[in-house]
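One structure is given here, and the rest of the page talks about it.
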Amino acid sequence: MKGSCLCGAVAFEVDKIPESYRACHCTACRKSGGHYWSAFPVANADFRFTEDRGLKWYRSSEWAERGFCKECGASLFFKPLGHDIIEVAPGSIDGPTGTMLAGHIFVGFKGDYYELADGLPQRQD
């Protein structure tokens, strides 16, 4: 599967995508993407960049960094430090993904400007 940012300055390939993923409603995710953020985990061995001239990493906490395109501003990745995974935004994949949203995390921090009415499991933290 292939994916990219809006302008193409960051492009990648993924060998395996999990069947489901979760949306995060924490303050950092909402601030980094402008709304809640979701991503699916991919083992580093199943992920490779095909273009990274626009890639910029931002250390958003003591334990993670976020990858985005410095050209078009697209939020693309979440990488927990010390782990062998990269979390990929589903919207960055070209074409169908075959994955589905399975739940929500950190809903205790969600914004007051939206409701969660999809009936999926919700964790407060």
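Chain labels run A, B, ... following the order of the structure tokens; each chain numbers its residues from 1, and ligands are numbered from 1 in the order shown.
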Test item: residues at most 9 Å from A:Lys2, only C-alpha atoms, excluding those fewer than 2 positions along its chain, as a PyMOL selection string: chain A and resi 4+11-15+92-95
Quick one: write out the picked residues with N, CA and C atoms as a compact mmCIF listing (two decimals), in the first residue's frame?
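Now in out-v4.txt:
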# COMPACT_ATOMS: atom_id res chain seq x y z
N SER A 4 0.91 9.15 1.13
CA SER A 4 1.68 10.38 1.00
C SER A 4 0.97 11.53 1.70
N ALA A 11 6.32 10.54 1.02
CA ALA A 11 5.60 9.39 0.47
C ALA A 11 6.19 8.13 1.09
N PHE A 12 5.38 7.09 1.17
CA PHE A 12 5.81 5.88 1.85
C PHE A 12 5.04 4.67 1.34
N GLU A 13 5.53 3.50 1.73
CA GLU A 13 4.87 2.23 1.45
C GLU A 13 4.70 1.47 2.74
N VAL A 14 3.59 0.77 2.85
CA VAL A 14 3.27 -0.04 4.03
C VAL A 14 2.93 -1.44 3.54
N ASP A 15 3.56 -2.45 4.14
CA ASP A 15 3.29 -3.83 3.74
C ASP A 15 2.05 -4.41 4.40
N SER A 92 -3.83 9.29 5.03
CA SER A 92 -2.67 9.49 4.16
C SER A 92 -2.48 8.33 3.17
N ILE A 93 -3.24 7.26 3.34
CA ILE A 93 -3.14 6.10 2.44
C ILE A 93 -3.87 6.38 1.14
N ASP A 94 -3.26 6.02 0.03
CA ASP A 94 -3.89 6.17 -1.29
C ASP A 94 -4.84 5.00 -1.50
N GLY A 95 -6.10 5.28 -1.73
CA GLY A 95 -7.08 4.23 -2.00
C GLY A 95 -7.59 3.57 -0.74
Per DSSP on the backbone, filter chain A down to the residues in helix (DSSP H, G or I) and report them as a tab-separated table (two decimals) with C-alpha atoms, in the first residue's frame.
chain	number	residue	atom	x	y	z
A	27	THR	CA	-4.95	17.66	23.92
A	28	ALA	CA	-1.66	17.01	22.08
A	29	CYS	CA	-3.39	15.10	19.27
A	30	ARG	CA	-6.08	17.76	18.92
A	31	LYS	CA	-3.46	20.52	18.87
A	32	SER	CA	-1.25	18.75	16.32
A	33	GLY	CA	-4.02	18.02	13.84
A	44	ASN	CA	9.07	-0.55	11.30
A	45	ALA	CA	9.99	-3.60	9.20
A	46	ASP	CA	6.72	-3.18	7.24
A	90	PRO	CA	-5.31	6.42	7.75
A	91	GLY	CA	-6.20	9.43	5.59
A	92	SER	CA	-2.67	9.49	4.16
A	107	VAL	CA	-12.03	10.86	25.59
A	108	GLY	CA	-11.78	12.55	28.99
A	109	PHE	CA	-9.79	15.24	27.17
Using only C-alpha atoms, can you tell me which of A:Arg48, A:His35, A:His25, A:Lys79 comes closest to A:Ser60?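 Nearest candidate to A:Ser60 out of A:Arg48, A:His35, A:His25, A:Lys79: A:Lys79.
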Can you work out the spacing between atom CA of A:Ser61 and atom CA of A:Val42 in Å, to one decimal? 20.3 Å
Got a sec: who's within 6 Å of A:Cys24, counting only C-alpha atoms, leaving out chain neighbours fewer than 3 positions off, as a list in words?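 In the requested format, the answer is Tyr36, Trp37, Ser38, His104, Ile105 and Phe106 of chain A.
Near A:Trp63, within 8 Å and counting only C-alpha atoms, sit Ser61, Glu65, Pro80 and Leu81 of chain A; same-chain residues fewer than 2 positions away were not included.
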